[in-house]
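Printed here is input-v8.txt (compact mmCIF, C-alpha atoms):
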```
# COMPACT_ATOMS: atom_id res chain seq x y z
CA MET L 1 0.00 0.00 0.00
CA THR L 2 1.05 3.61 -0.53
CA VAL L 3 1.47 5.91 2.45
CA LEU L 4 -0.76 8.98 2.04
CA ALA L 5 0.00 10.66 5.37
CA HIS L 6 1.96 9.92 8.52
CA ALA L 7 1.92 12.36 11.42
CA ALA L 8 2.63 12.52 15.14
CA VAL L 9 -0.31 12.64 17.57
CA THR L 10 0.04 13.90 21.18
CA GLY L 11 3.79 13.34 21.08
CA GLU L 12 3.53 9.61 21.85
CA TYR L 13 1.38 8.23 19.07
CA ARG L 14 1.39 8.34 15.28
CA HIS L 15 -1.43 8.38 12.74
CA LEU L 16 -0.75 6.39 9.57
CA VAL L 17 -2.98 6.75 6.49
CA LEU L 18 -2.69 4.30 3.59
CA GLN L 19 -4.25 4.06 0.15
CA ALA L 20 -5.93 0.64 0.01
CA GLU L 21 -8.35 -1.42 -2.03
CA ARG L 22 -11.03 -3.98 -1.27
CA PRO L 23 -11.25 -6.28 0.62
CA MET L 24 -8.88 -4.49 3.01
CA THR L 25 -11.14 -1.45 3.30
CA LEU L 26 -14.05 -3.74 4.25
CA ALA L 27 -12.48 -4.60 7.62
CA ARG L 28 -14.98 -4.84 10.47
CA PRO L 29 -14.47 -2.95 13.74
CA GLY L 30 -12.11 -4.96 15.94
CA GLN L 31 -10.35 -6.78 13.12
CA PHE L 32 -6.61 -6.26 12.73
CA PHE L 33 -3.87 -6.11 10.12
CA HIS L 34 -0.28 -7.36 10.12
CA LEU L 35 2.21 -4.63 9.14
CA LEU L 36 5.71 -5.43 7.93
CA CYS L 37 8.12 -3.00 9.62
CA THR L 38 11.20 -2.44 7.46
CA GLY L 39 14.42 -0.69 8.35
CA GLU L 40 17.07 1.02 6.28
CA MET L 41 17.66 -0.22 2.72
CA GLY L 42 14.65 -2.52 2.98
CA MET L 43 16.17 -4.83 5.58
CA LEU L 44 13.60 -6.40 7.87
CA ALA L 45 13.66 -4.77 11.28
CA PRO L 46 12.44 -6.86 12.93
CA PHE L 47 11.49 -10.05 11.10
CA PHE L 48 7.97 -10.45 12.51
CA ARG L 49 5.08 -8.25 11.50
CA ARG L 50 3.26 -6.00 13.97
CA PRO L 51 -0.50 -6.48 14.56
CA MET L 52 -2.62 -3.32 14.56
CA SER L 53 -6.36 -2.78 14.69
CA ALA L 54 -7.79 -0.64 11.93
CA TYR L 55 -8.51 2.91 13.09
CA LEU L 56 -10.49 3.53 9.91
CA ALA L 57 -11.38 1.33 6.95
CA ASP L 58 -13.30 3.29 4.32
CA PRO L 59 -14.16 1.57 1.02
CA SER L 60 -15.60 4.78 -0.46
CA SER L 61 -12.31 6.69 -0.23
CA GLY L 62 -9.99 3.69 -0.31
CA ARG L 63 -8.34 4.73 2.93
CA LEU L 64 -7.00 2.49 5.67
CA GLU L 65 -5.78 4.17 8.86
CA PHE L 66 -3.88 3.12 11.98
CA LEU L 67 -3.19 4.84 15.28
CA TYR L 68 -0.19 3.39 17.11
CA LYS L 69 2.35 4.08 19.84
CA VAL L 70 6.08 4.04 19.09
CA ASN L 71 7.48 1.80 21.83
CA GLY L 72 9.85 -0.73 20.23
CA ARG L 73 12.13 -1.61 17.35
CA GLY L 74 9.31 -2.48 14.96
CA THR L 75 7.20 0.63 15.54
CA ARG L 76 10.33 2.83 15.44
CA ALA L 77 11.03 1.46 11.97
CA LEU L 78 7.40 2.00 11.01
CA ALA L 79 7.54 5.59 12.26
CA ALA L 80 10.21 6.38 9.66
CA LEU L 81 7.77 5.83 6.76
CA GLN L 82 7.18 8.92 4.62
CA PRO L 83 4.24 9.81 2.33
CA GLY L 84 4.69 8.20 -1.05
CA GLU L 85 6.53 5.16 0.27
CA GLU L 86 5.01 1.68 0.25
CA LEU L 87 4.10 -0.62 3.13
CA ASN L 88 3.43 -4.36 3.04
CA VAL L 89 0.18 -5.11 4.88
CA LEU L 90 -1.70 -8.39 5.44
CA GLY L 91 -5.38 -8.41 6.41
CA PRO L 92 -8.06 -7.96 7.52
CA LEU L 93 -7.56 -10.72 10.08
CA GLY L 94 -9.39 -12.11 13.10
CA ARG L 95 -12.90 -11.75 14.45
CA GLY L 96 -14.28 -8.30 15.19
CA PHE L 97 -16.98 -6.82 17.40
CA ARG L 98 -20.58 -7.97 17.19
CA LEU L 99 -23.57 -5.65 17.68
CA ASP L 100 -26.98 -6.98 18.71
CA PRO L 101 -29.80 -5.11 16.91
CA SER L 102 -31.85 -5.22 20.13
CA TRP L 103 -29.33 -2.99 21.94
CA LYS L 104 -30.30 0.68 22.19
CA ASN L 105 -27.36 1.98 24.23
CA ILE L 106 -23.82 0.69 24.64
CA VAL L 107 -20.84 1.79 26.74
CA VAL L 108 -17.30 1.71 25.34
CA VAL L 109 -14.35 2.12 27.70
CA GLY L 110 -10.82 2.50 26.39
CA ARG L 111 -7.35 3.83 26.98
CA GLY L 112 -4.31 4.50 24.77
CA VAL L 113 -4.34 2.69 21.44
CA GLY L 114 -7.43 0.87 22.67
CA LEU L 115 -9.32 3.96 21.53
CA ALA L 116 -8.19 3.25 17.97
CA THR L 117 -9.96 -0.11 18.20
CA LEU L 118 -13.15 1.29 19.72
CA ALA L 119 -13.64 4.32 17.45
CA PRO L 120 -14.78 2.24 14.42
CA LEU L 121 -17.15 0.37 16.75
CA ALA L 122 -18.80 3.66 17.75
CA GLU L 123 -19.29 4.50 14.08
CA ALA L 124 -20.77 1.08 13.34
CA ALA L 125 -23.14 1.45 16.31
CA ALA L 126 -24.27 4.88 15.12
CA ALA L 127 -25.00 3.43 11.68
CA GLN L 128 -27.36 0.97 13.41
CA ARG L 129 -28.96 3.74 15.50
CA ILE L 130 -27.37 2.45 18.69
CA LYS L 131 -26.40 5.24 21.07
CA VAL L 132 -22.88 5.22 22.48
CA THR L 133 -21.36 6.51 25.71
CA ALA L 134 -17.56 6.57 25.46
CA ILE L 135 -15.44 6.66 28.61
CA LEU L 136 -12.00 7.68 27.33
CA SER L 137 -9.03 7.34 29.66
CA ALA L 138 -5.62 9.05 29.50
CA ARG L 139 -2.82 10.12 31.82
CA ARG L 140 -3.66 13.81 31.30
CA PRO L 141 -5.88 15.93 29.00
CA ASP L 142 -3.21 16.66 26.37
CA LEU L 143 -2.74 12.90 25.83
CA LEU L 144 -6.42 12.14 25.23
CA MET L 145 -6.99 10.83 21.72
CA SER L 146 -9.96 10.38 19.40
CA ALA L 147 -12.47 12.38 21.47
CA GLU L 148 -13.55 14.35 18.41
CA ARG L 149 -13.85 11.15 16.38
CA PHE L 150 -16.26 9.71 18.95
CA GLN L 151 -18.20 12.98 19.19
CA ASN L 152 -18.64 13.06 15.41
CA THR L 153 -20.51 9.75 15.64
CA GLY L 154 -22.94 11.34 18.10
CA ALA L 155 -21.41 9.54 21.07
CA ARG L 156 -21.50 11.06 24.53
CA VAL L 157 -17.84 11.40 25.53
CA LEU L 158 -16.78 11.17 29.19
CA PRO L 159 -13.00 11.78 29.53
CA VAL L 160 -11.19 10.57 32.65
CA TYR L 161 -7.60 11.31 33.61
CA ASP L 162 -4.89 10.02 35.91
CA SER L 163 -3.76 13.60 36.57
CA ASP L 164 -6.94 14.58 38.41
CA GLY L 165 -7.85 11.14 39.76
CA SER L 166 -10.99 10.82 37.64
CA SER L 167 -9.62 7.64 36.01
CA ALA L 168 -9.33 5.85 39.36
CA PRO L 169 -11.43 2.65 39.50
CA GLU L 170 -13.77 4.04 42.15
CA GLU L 171 -14.48 7.12 40.01
CA VAL L 172 -15.13 5.09 36.86
CA GLU L 173 -17.42 2.88 38.95
CA LYS L 174 -19.55 5.94 39.75
CA LEU L 175 -19.88 6.70 36.04
CA LEU L 176 -20.91 3.14 35.29
CA ASP L 177 -23.41 3.11 38.15
CA ARG L 178 -25.07 6.25 36.77
CA LEU L 179 -25.21 4.86 33.24
CA ILE L 180 -26.74 1.60 34.41
CA ALA L 181 -29.29 3.44 36.57
CA SER L 182 -30.24 5.54 33.52
CA ARG L 183 -30.65 2.41 31.36
CA LEU L 184 -27.83 3.50 29.07
CA ALA L 185 -25.79 0.31 29.27
CA ASP L 186 -27.19 -2.59 27.25
CA ALA L 187 -23.64 -3.85 26.62
CA PHE L 188 -20.04 -3.08 27.55
CA PHE L 189 -17.01 -2.90 25.24
CA VAL L 190 -13.43 -2.42 26.44
CA CYS L 191 -9.89 -2.28 25.09
CA GLY L 192 -6.49 -1.00 26.15
CA SER L 193 -6.34 -1.59 29.92
CA GLN L 194 -6.31 -4.67 32.14
CA ARG L 195 -7.59 -2.55 35.03
CA LEU L 196 -10.60 -1.42 33.01
CA LEU L 197 -11.17 -4.98 31.82
CA ARG L 198 -11.40 -6.27 35.39
CA LEU L 199 -13.74 -3.42 36.33
CA LEU L 200 -16.07 -4.05 33.38
CA GLN L 201 -16.08 -7.78 34.07
CA ARG L 202 -17.27 -7.16 37.62
CA PHE L 203 -20.05 -4.82 36.51
CA SER L 204 -21.03 -7.18 33.71
CA GLU L 205 -21.41 -10.08 36.11
CA THR L 206 -23.14 -8.09 38.86
CA HIS L 207 -25.71 -6.50 36.56
CA ALA L 208 -26.02 -9.31 33.98
CA ILE L 209 -24.91 -7.00 31.17
CA PRO L 210 -23.17 -8.64 28.19
CA GLY L 211 -19.87 -7.36 26.92
CA GLN L 212 -16.90 -7.85 24.63
CA VAL L 213 -13.18 -7.16 24.94
CA ALA L 214 -10.59 -6.61 22.22
CA LEU L 215 -7.32 -8.08 23.46
CA GLU L 216 -3.83 -6.85 22.68
CA GLN L 217 -1.33 -9.66 22.23
CA GLN L 218 1.98 -10.45 20.56
CA MET L 219 1.32 -12.30 17.29
CA ALA L 220 3.89 -13.88 15.01
CA CYS L 221 1.84 -15.21 12.09
CA GLY L 222 -1.59 -13.65 12.64
CA LEU L 223 -3.19 -16.72 11.04
CA GLY L 224 -3.45 -19.16 13.95
CA MET L 225 -0.61 -21.41 12.80
CA CYS L 226 2.26 -20.56 15.17
CA PHE L 227 0.34 -20.55 18.50
CA CYS L 228 2.41 -17.57 19.66
CA CYS L 229 -0.68 -15.69 20.88
CA VAL L 230 -2.31 -18.46 22.93
CA ARG L 231 -3.71 -17.35 26.28
CA PRO L 232 -6.16 -18.85 28.81
CA PHE L 233 -9.91 -18.21 28.86
CA ARG L 234 -12.83 -19.33 31.00
CA GLU L 235 -15.04 -21.84 29.22
CA ASP L 236 -17.88 -23.75 30.92
CA GLY L 237 -16.20 -23.59 34.30
CA LYS L 238 -12.85 -24.73 32.94
CA ILE L 239 -9.75 -23.05 31.54
CA ALA L 240 -9.37 -23.26 27.76
CA GLN L 241 -6.44 -22.15 25.61
CA ARG L 242 -7.34 -20.00 22.61
CA ARG L 243 -5.43 -18.20 19.89
CA VAL L 244 -6.05 -14.46 20.10
CA CYS L 245 -5.38 -13.93 16.39
CA TRP L 246 -7.74 -16.69 15.23
CA GLU L 247 -10.55 -17.01 17.78
CA GLY L 248 -10.28 -13.28 18.52
CA PRO L 249 -8.98 -10.66 19.03
CA VAL L 250 -12.50 -9.83 20.23
CA PHE L 251 -13.85 -12.16 22.93
CA ASN L 252 -16.74 -12.46 25.33
CA LEU L 253 -16.00 -10.11 28.23
CA GLN L 254 -16.53 -12.73 30.95
CA GLU L 255 -14.37 -15.37 29.29
CA ALA L 256 -11.15 -13.33 29.17
CA LEU L 257 -8.74 -13.76 32.06
CA ALA L 258 -7.34 -10.35 33.06
```
Could you quickly redo this structure as structure tokens?
Amino acid sequence: MTVLAHAAVTGEYRHLVLQAERPMTLARPGQFFHLLCTGEMGMLAPFFRRPMSAYLADPSSGRLEFLYKVNGRGTRALAALQPGEELNVLGPLGRGFRLDPSWKNIVVVGRGVGLATLAPLAEAAAAQRIKVTAILSARRPDLLMSAERFQNTGARVLPVYDSDGSSAPEEVEKLLDRLIASRLADAFFVCGSQRLLRLLQRFSETHAIPGQVALEQQMACGLGMCFCCVRPFREDGKIAQRRVCWEGPVFNLQEALA
């Protein structure tokens, strides 16, 4: 694919825009792609691809977008890409989010690059006339991402921050209690934080509210063949081993082990 734009976001994250064709632009919210990160003179750096959820997949414009954090050798190599250069991408892969037509209101809770995974879900929900409340978490206000993207879908955005204590579990609990009391939580969706996952699991079980989680995991092949991404899940009272890339990366909220 050809790089159309590549810019820094909030100093820690980068926004990558690619020119793509079908079926890549038909990716469902929650599905991911495998990006080949190359170094100088085309040498692989490193050898394995990097999995990233699609931040936007738009068949009408032929655009495929990613929002990612530069935190290792692979993403540092990726960050060097300039507009006009080409990038080798495999996908879409995995199983994405599922929306029940009977739901009227859903709650999405995310942090960091988890917001990149949840933003397309908010757009898909809006297309089905499902209202969204988005609890967006960040260390401080200048690091909050995608708030405008959620607002453009008509979602109600509730930002919470580490800097003022509003992201503390007890404070997020108060938000969830109010949403449940107002009948604005037919389902929960979460990505980007183990702490938030555990919190949503507890509320899901206590109030019998269904939910889904998009898991972040190291993946070597992305196709279920190498078993690099296997992790344990609850299944009928037992522990089952599943491949995140193949059976997921989106799973039933109560089955994931935080």
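Closest approach to Arg22 of chain L from the set L:Pro92, L:Glu65, L:Thr2, L:His34 is made by L:Pro92, with distances taken over all atoms listed in the file.
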Determine, for each residue of segment 48-153 of chain L having at least one atom at most 10 Å from an atom of segment 222-233 of chain L, the closest pair of atoms and their separation in Å to one decimal, counting only C-alpha atoms; order by chain and ascending number, as a Markdown table.
```
| residue | atom | partner | partner_atom | distance |
| --- | --- | --- | --- | --- |
| L:Arg49 | CA | L:Gly222 | CA | 8.7 |
| L:Arg50 | CA | L:Gly222 | CA | 9.2 |
| L:Pro51 | CA | L:Gly222 | CA | 7.5 |
| L:Leu90 | CA | L:Gly222 | CA | 8.9 |
| L:Gly91 | CA | L:Gly222 | CA | 9.0 |
| L:Leu93 | CA | L:Gly222 | CA | 7.1 |
| L:Gly94 | CA | L:Gly222 | CA | 8.0 |
```
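Shortest separation to Val109 of chain L among L:Lys69, L:Arg234, L:Arg198, L:His15 occurs at residue L:Arg198, atoms counted being all atoms listed in the file.
The nearest approach to Pro59 of chain L among the residues L:Glu247, L:Glu21, L:Glu148, L:Asp186, with all atoms listed in the file taken into account, belongs to L:Glu21.
Interatomic distance, atom CA of Arg195 of chain L to atom CA of Leu16 of chain L: 27.8 Å.
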